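> Pasting a structure here, questions to come.
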2 protein chains.
Amino acid sequence: MSANSRLTIAAHTLAWIGLYQRQGHDVATSEQIATSANTNPVVIRRLLGELRKAGLVESRRGVGAGWSLTRELESITLLDVYDAVEPGPLFAMHRATPDQGCVVGYGIRPAMQHIYGGIEETLRAELARVTMEDVLLDVLAVPR
Amino acid sequence: MSANSRLTIAAHTLAWIGLYQRQGHDVATSEQIATSANTNPVVIRRLLGELRKAGLVESRRGVGAGWSLTRELESITLLDVYDAVEPGPLFAMHRATPDQGCVVGYGIRPAMQHIYGGIEETLRAELARVTMEDVLLDVLAVPR
DNA sequence: TTATGTCGTAACAATTACAGTTACGACCAC
DNA sequence: GTGGTCGTAACTGTAATTGTTACGACATAA
């Protein structure tokens, strides 16, 4: 699979902001988060823009600007993040329409869509079981 | 996600061969399968090569050559196919190493790997619940 | 032995997605 | 105003996937 790192970076971002706010800070900048994630601030701003669309964060502009959470980490699940930053389905269908004159070519797409649907439901349920609080606790539990 | 169609095309291929053999034929050619899937025979041969490595099919060469199943469809699960044709993990880590001086940057990778590990296990269990026989029955059940 | 049809595989092109980067206007606290 | 940050467009580099051409290897049958 040509897996991407969007969910990982988004989780990193939210965990970073959550911890930062617990340390008493008001807002976090994309610059700070990008340094932690070792990437470019624009990459972080793009992801944060999608998280904002999903209502998970908000941003302030001007001097002293930055990002803050709109919800507690406990109430944000990986499914929320996944839905916010992952566009498409897990498995793709044929690029070109299969031969509709062939029994298999005719039935394969609805059949696979049905099967994939069930599998994605299970994946979503599993993602929903993990909160960003769980992620942060896991992060902090890693021995140094 | 930049989802690919490998699992879909591989399932199509196995279902096609399985049905063809039930109709009394000995071997199927990549040409026939490619026509049904509306793609290039080389694409099918490449996938079949990986399925052969996994022991799911075998090939004959020479005149009257082609492909046949080594197992019944009932005993091939989508997990077998997935493992045969999908190389990497579902979710990727950061491209560049996060800042190891930052608490989050230090702990995020092991934490996410742990979480992703559990999720992938669930996905695998779900894929293992579906056999290629189920797929073919679903295909044949689609109303015309 | 030769002709034929298919596999096996390398090589390359086309397309797409992702991530990184630069640039610059918009915005707002001071 | 000044300065720092967001918001976003535009472009590049890289990699994966898929499609395509080409051709040797192989085995069967005439």
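Numbering starts fresh at 1 for the residues of each chain in the structure tokens, the chains themselves are lettered A, B, ... in the order given, and ligands are numbered from 1 as they appear.
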Which residues are near DA23 in chain C? Cut-off 12 Å, only C-alpha atoms (C1' of nucleotides), ignore same chain within fewer than 3 positions. Put them as a list in words.
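The contact residues come out as Val42 of chain A; DT8, DA9, DA10 and DC11 of chain D.
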> Take the residues just selected and output them with C-alpha atoms (C1' of nucleotides) as a PDB file, in the first residue's frame.

ATOM      1  CA  VAL A  42       3.097  24.630   5.787  1.00  0.00           C
TER       2      VAL A  42
ATOM      3  C1'  DT D   8      -3.170  29.538   0.635  1.00  0.00           C
ATOM      4  C1'  DA D   9      -1.474  29.267  -4.058  1.00  0.00           C
ATOM      5  C1'  DA D  10       2.078  27.581  -6.892  1.00  0.00           C
ATOM      6  C1'  DC D  11       5.705  24.835  -7.918  1.00  0.00           C
TER       7       DC D  11
END
> For DC6 in chain D, find every residue with an atom within 9 Å (counting only C-alpha atoms (C1' of nucleotides)), except residues of its own chain fewer than 4 positions away, and show them as a PyMOL selection string.
(chain A and resi 30+45+59-62+65-66) or (chain C and resi 26-27)
> If you run DSSP on this backbone, which residues of chain A come out as strand (DSSP E or B), and could you give them as a VMD selection string?
chain A and resid 2 28 57 to 60 66 to 69 77 131
> Leaving out DG19 in chain D and any residue of its chain fewer than 6 positions from it, which residues lie within 10 Å of it when counting only C-alpha atoms (C1' of nucleotides), given as a list in words?
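Residues meeting the cut-off are Thr39, Asn40, Pro41, Val42 and Val43 of chain B; DA13, DA14 and DT15 of chain C.
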> Write the residues of the selection above to a file with N, CA, C and O atoms (P, O5', C5', C4', C3', O3' and C1' of nucleotides), as a compact mmCIF listing (two decimals), in the first residue's frame.

# COMPACT_ATOMS: atom_id res chain seq x y z
N THR B 39 -7.84 -4.79 -18.25
CA THR B 39 -6.50 -4.26 -18.03
C THR B 39 -5.53 -5.03 -18.91
O THR B 39 -5.95 -5.78 -19.80
N ASN B 40 -4.27 -4.85 -18.69
CA ASN B 40 -3.24 -5.45 -19.54
C ASN B 40 -2.81 -6.82 -18.98
O ASN B 40 -2.66 -6.96 -17.77
N PRO B 41 -2.60 -7.78 -19.87
CA PRO B 41 -2.20 -9.12 -19.40
C PRO B 41 -0.96 -9.10 -18.52
O PRO B 41 -0.84 -9.94 -17.60
N VAL B 42 -0.05 -8.17 -18.76
CA VAL B 42 1.16 -8.14 -17.94
C VAL B 42 0.83 -7.78 -16.50
O VAL B 42 1.44 -8.30 -15.56
N VAL B 43 -0.15 -6.91 -16.33
CA VAL B 43 -0.58 -6.56 -14.97
C VAL B 43 -1.08 -7.80 -14.25
O VAL B 43 -0.75 -8.05 -13.08
P DA C 13 10.86 6.48 -21.29
O5' DA C 13 9.28 6.54 -21.28
C5' DA C 13 8.54 5.86 -22.30
C4' DA C 13 7.05 6.07 -22.07
C3' DA C 13 6.67 7.47 -21.61
O3' DA C 13 5.43 7.83 -22.23
C1' DA C 13 6.06 5.90 -19.94
P DA C 14 4.86 9.29 -22.04
O5' DA C 14 3.64 9.06 -21.05
C5' DA C 14 2.71 8.01 -21.33
C4' DA C 14 1.60 8.04 -20.31
C3' DA C 14 1.22 9.45 -19.84
O3' DA C 14 -0.19 9.52 -19.77
C1' DA C 14 1.90 8.12 -17.98
P DT C 15 -0.91 10.89 -19.33
O5' DT C 15 -1.29 10.62 -17.81
C5' DT C 15 -1.91 9.38 -17.47
C4' DT C 15 -1.94 9.21 -15.97
C3' DT C 15 -2.32 10.48 -15.20
O3' DT C 15 -3.57 10.25 -14.58
C1' DT C 15 -0.51 9.34 -14.18
> Listing only residues of range 5-97 of chain B within 12 Å of range 104-126 of chain A, what is the closest atom pair and its distance in Å (to one decimal) for each, using only C-alpha atoms, sorted by chain and residue number ascending, as JSON lines?

{"residue": "B:Ser5", "atom": "CA", "partner": "A:Met112", "partner_atom": "CA", "distance": 11.0}
{"residue": "B:Leu7", "atom": "CA", "partner": "A:Met112", "partner_atom": "CA", "distance": 9.7}
{"residue": "B:Thr8", "atom": "CA", "partner": "A:Met112", "partner_atom": "CA", "distance": 7.2}
{"residue": "B:Ile9", "atom": "CA", "partner": "A:Ile108", "partner_atom": "CA", "distance": 9.4}
{"residue": "B:Ala10", "atom": "CA", "partner": "A:Ile108", "partner_atom": "CA", "distance": 11.2}
{"residue": "B:Ala11", "atom": "CA", "partner": "A:Ile108", "partner_atom": "CA", "distance": 8.7}
{"residue": "B:His12", "atom": "CA", "partner": "A:Ile108", "partner_atom": "CA", "distance": 6.6}
{"residue": "B:Thr13", "atom": "CA", "partner": "A:Val104", "partner_atom": "CA", "distance": 9.1}
{"residue": "B:Leu14", "atom": "CA", "partner": "A:Val104", "partner_atom": "CA", "distance": 10.3}
{"residue": "B:Ala15", "atom": "CA", "partner": "A:Val104", "partner_atom": "CA", "distance": 7.3}
{"residue": "B:Trp16", "atom": "CA", "partner": "A:Val104", "partner_atom": "CA", "distance": 6.2}
{"residue": "B:Ile17", "atom": "CA", "partner": "A:Val104", "partner_atom": "CA", "distance": 10.0}
{"residue": "B:Gly18", "atom": "CA", "partner": "A:Val104", "partner_atom": "CA", "distance": 10.5}
{"residue": "B:Leu19", "atom": "CA", "partner": "A:Val104", "partner_atom": "CA", "distance": 8.5}
{"residue": "B:Tyr20", "atom": "CA", "partner": "A:Val104", "partner_atom": "CA", "distance": 10.1}
{"residue": "B:Gln32", "atom": "CA", "partner": "A:Gly105", "partner_atom": "CA", "distance": 11.5}
{"residue": "B:Ile33", "atom": "CA", "partner": "A:Gly105", "partner_atom": "CA", "distance": 9.5}
{"residue": "B:Ala34", "atom": "CA", "partner": "A:Gly105", "partner_atom": "CA", "distance": 10.3}
{"residue": "B:Thr35", "atom": "CA", "partner": "A:Gly105", "partner_atom": "CA", "distance": 9.1}
{"residue": "B:Ser36", "atom": "CA", "partner": "A:Gly105", "partner_atom": "CA", "distance": 5.4}
{"residue": "B:Ala37", "atom": "CA", "partner": "A:Gly105", "partner_atom": "CA", "distance": 6.2}
{"residue": "B:Asn38", "atom": "CA", "partner": "A:Gly105", "partner_atom": "CA", "distance": 8.5}
{"residue": "B:Thr39", "atom": "CA", "partner": "A:Gly105", "partner_atom": "CA", "distance": 11.5}
{"residue": "B:Leu78", "atom": "CA", "partner": "A:Ile115", "partner_atom": "CA", "distance": 10.1}
{"residue": "B:Leu79", "atom": "CA", "partner": "A:Ile119", "partner_atom": "CA", "distance": 11.7}
{"residue": "B:Leu90", "atom": "CA", "partner": "A:Leu123", "partner_atom": "CA", "distance": 11.0}
> Using the chain letters and numbers from this document, which residues of range 3-79 of chain B does DSSP assign to alpha helix (DSSP H), as an MDAnalysis selection string?
chainID B and resid 6:22 30:37 41:53 78:79
> May I have the selected residues written with C-alpha atoms, as a PDB file, in the first residue's frame?

ATOM      1  CA  ARG B   6      -4.153  -4.758  -6.178  1.00  0.00           C
ATOM      2  CA  LEU B   7      -6.338  -6.631  -3.720  1.00  0.00           C
ATOM      3  CA  THR B   8      -9.381  -6.007  -5.906  1.00  0.00           C
ATOM      4  CA  ILE B   9      -7.699  -7.193  -9.104  1.00  0.00           C
ATOM      5  CA  ALA B  10      -6.141 -10.187  -7.369  1.00  0.00           C
ATOM      6  CA  ALA B  11      -9.527 -11.227  -5.969  1.00  0.00           C
ATOM      7  CA  HIS B  12     -11.069 -10.740  -9.409  1.00  0.00           C
ATOM      8  CA  THR B  13      -8.358 -12.932 -10.887  1.00  0.00           C
ATOM      9  CA  LEU B  14      -8.786 -15.770  -8.407  1.00  0.00           C
ATOM     10  CA  ALA B  15     -12.561 -15.676  -8.662  1.00  0.00           C
ATOM     11  CA  TRP B  16     -12.309 -15.800 -12.446  1.00  0.00           C
ATOM     12  CA  ILE B  17      -9.955 -18.785 -12.443  1.00  0.00           C
ATOM     13  CA  GLY B  18     -12.059 -20.547  -9.839  1.00  0.00           C
ATOM     14  CA  LEU B  19     -15.251 -20.148 -11.832  1.00  0.00           C
ATOM     15  CA  TYR B  20     -13.542 -21.114 -15.080  1.00  0.00           C
ATOM     16  CA  GLN B  21     -12.230 -24.303 -13.558  1.00  0.00           C
ATOM     17  CA  ARG B  22     -15.672 -25.162 -12.219  1.00  0.00           C
ATOM     18  CA  SER B  30      -3.622 -13.952 -18.362  1.00  0.00           C
ATOM     19  CA  GLU B  31      -5.136 -12.718 -21.601  1.00  0.00           C
ATOM     20  CA  GLN B  32      -8.591 -13.995 -20.685  1.00  0.00           C
ATOM     21  CA  ILE B  33      -8.430 -12.592 -17.181  1.00  0.00           C
ATOM     22  CA  ALA B  34      -7.132  -9.257 -18.441  1.00  0.00           C
ATOM     23  CA  THR B  35     -10.110  -9.022 -20.773  1.00  0.00           C
ATOM     24  CA  SER B  36     -12.499  -9.590 -17.893  1.00  0.00           C
ATOM     25  CA  ALA B  37     -10.718  -7.078 -15.641  1.00  0.00           C
ATOM     26  CA  PRO B  41      -2.199  -9.121 -19.400  1.00  0.00           C
ATOM     27  CA  VAL B  42       1.163  -8.136 -17.941  1.00  0.00           C
ATOM     28  CA  VAL B  43      -0.582  -6.555 -14.970  1.00  0.00           C
ATOM     29  CA  ILE B  44      -2.364  -9.859 -14.372  1.00  0.00           C
ATOM     30  CA  ARG B  45       0.790 -11.916 -14.818  1.00  0.00           C
ATOM     31  CA  ARG B  46       2.614  -9.733 -12.312  1.00  0.00           C
ATOM     32  CA  LEU B  47      -0.096 -10.222  -9.721  1.00  0.00           C
ATOM     33  CA  LEU B  48      -0.331 -13.935 -10.477  1.00  0.00           C
ATOM     34  CA  GLY B  49       3.420 -14.163 -10.005  1.00  0.00           C
ATOM     35  CA  GLU B  50       2.997 -12.880  -6.461  1.00  0.00           C
ATOM     36  CA  LEU B  51       0.069 -15.198  -5.833  1.00  0.00           C
ATOM     37  CA  ARG B  52       2.237 -18.066  -7.032  1.00  0.00           C
ATOM     38  CA  LYS B  53       4.995 -17.077  -4.599  1.00  0.00           C
ATOM     39  CA  LEU B  78      -8.707 -12.388   1.574  1.00  0.00           C
ATOM     40  CA  LEU B  79      -5.912 -12.237   4.133  1.00  0.00           C
TER      41      LEU B  79
END
> Using only C-alpha atoms (C1' of nucleotides), select each residue of chain C with any atom at most 6 Å away from an atom of chain B, and give the selection as a ChimeraX atom specification.
/C:5-7
> Could you write out that same residue set with C-alpha atoms (C1' of nucleotides) as a short mmCIF file (atom, residue, chain, number, x, y, z; two decimals), in the first residue's frame?

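This is the output file out_19.cif:
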data_model
loop_
_atom_site.label_atom_id
_atom_site.label_comp_id
_atom_site.auth_asym_id
_atom_site.auth_seq_id
_atom_site.Cartn_x
_atom_site.Cartn_y
_atom_site.Cartn_z
"C1'" DG C 5 1.01 -19.78 -28.06
"C1'" DT C 6 1.81 -18.41 -23.45
"C1'" DC C 7 4.60 -17.40 -19.60
#
> For the interface of chain D with chain B (cut-off 12 Å, counting only C-alpha atoms (C1' of nucleotides)), please tabulate each contacting residue of chain D alongside its nearest pair of atoms and their separation in Å to one decimal, rows sorted by chain and increasing number, as a tab-separated table.

residue	atom	partner	partner_atom	distance
D:DT14	C1'	B:Arg95	CA	11.9
D:DA15	C1'	B:Ser2	CA	11.8
D:DA16	C1'	B:Ser2	CA	9.0
D:DT17	C1'	B:Asn4	CA	7.1
D:DT18	C1'	B:Val43	CA	7.8
D:DG19	C1'	B:Asn40	CA	6.7
D:DT20	C1'	B:Asn40	CA	8.0
D:DT21	C1'	B:Val42	CA	10.5
D:DA22	C1'	B:Val42	CA	11.8
D:DA25	C1'	B:Arg61	CA	9.0
D:DC26	C1'	B:Gly62	CA	5.2
D:DA27	C1'	B:Gly62	CA	3.8
D:DT28	C1'	B:Val63	CA	5.2
D:DA29	C1'	B:Val63	CA	8.5
> In Å, rounded to a single decimal, give me how far CA of Glu133 in chain A is from CA of Val85 in chain A.
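Spanning CA of Val85 in chain A to CA of Glu133 in chain A is a straight-line distance of 18.6 Å.
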> Could you tell me which of B:Ala128, B:Ala84, B:Ile76, B:Ala96 comes closest to chain A if we count only C-alpha atoms?
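Nearest to chain A: B:Ala96.
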> I'd like the interatomic distance between CA of Leu136 in chain A and CA of Val81 in chain A, to a tenth of an Å.
14.2 Å
> Mind pulling up the distance from CA of Glu74 in chain A to CA of Leu137 in chain A?
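These two atoms are separated by 10.7 Å.
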> Using only C-alpha atoms, pick whichever of A:Ala54, A:Val27, A:Met132, A:Val103 has the shortest atom-to-atom distance to chain B.
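Smallest separation from chain B among the options: A:Val103.
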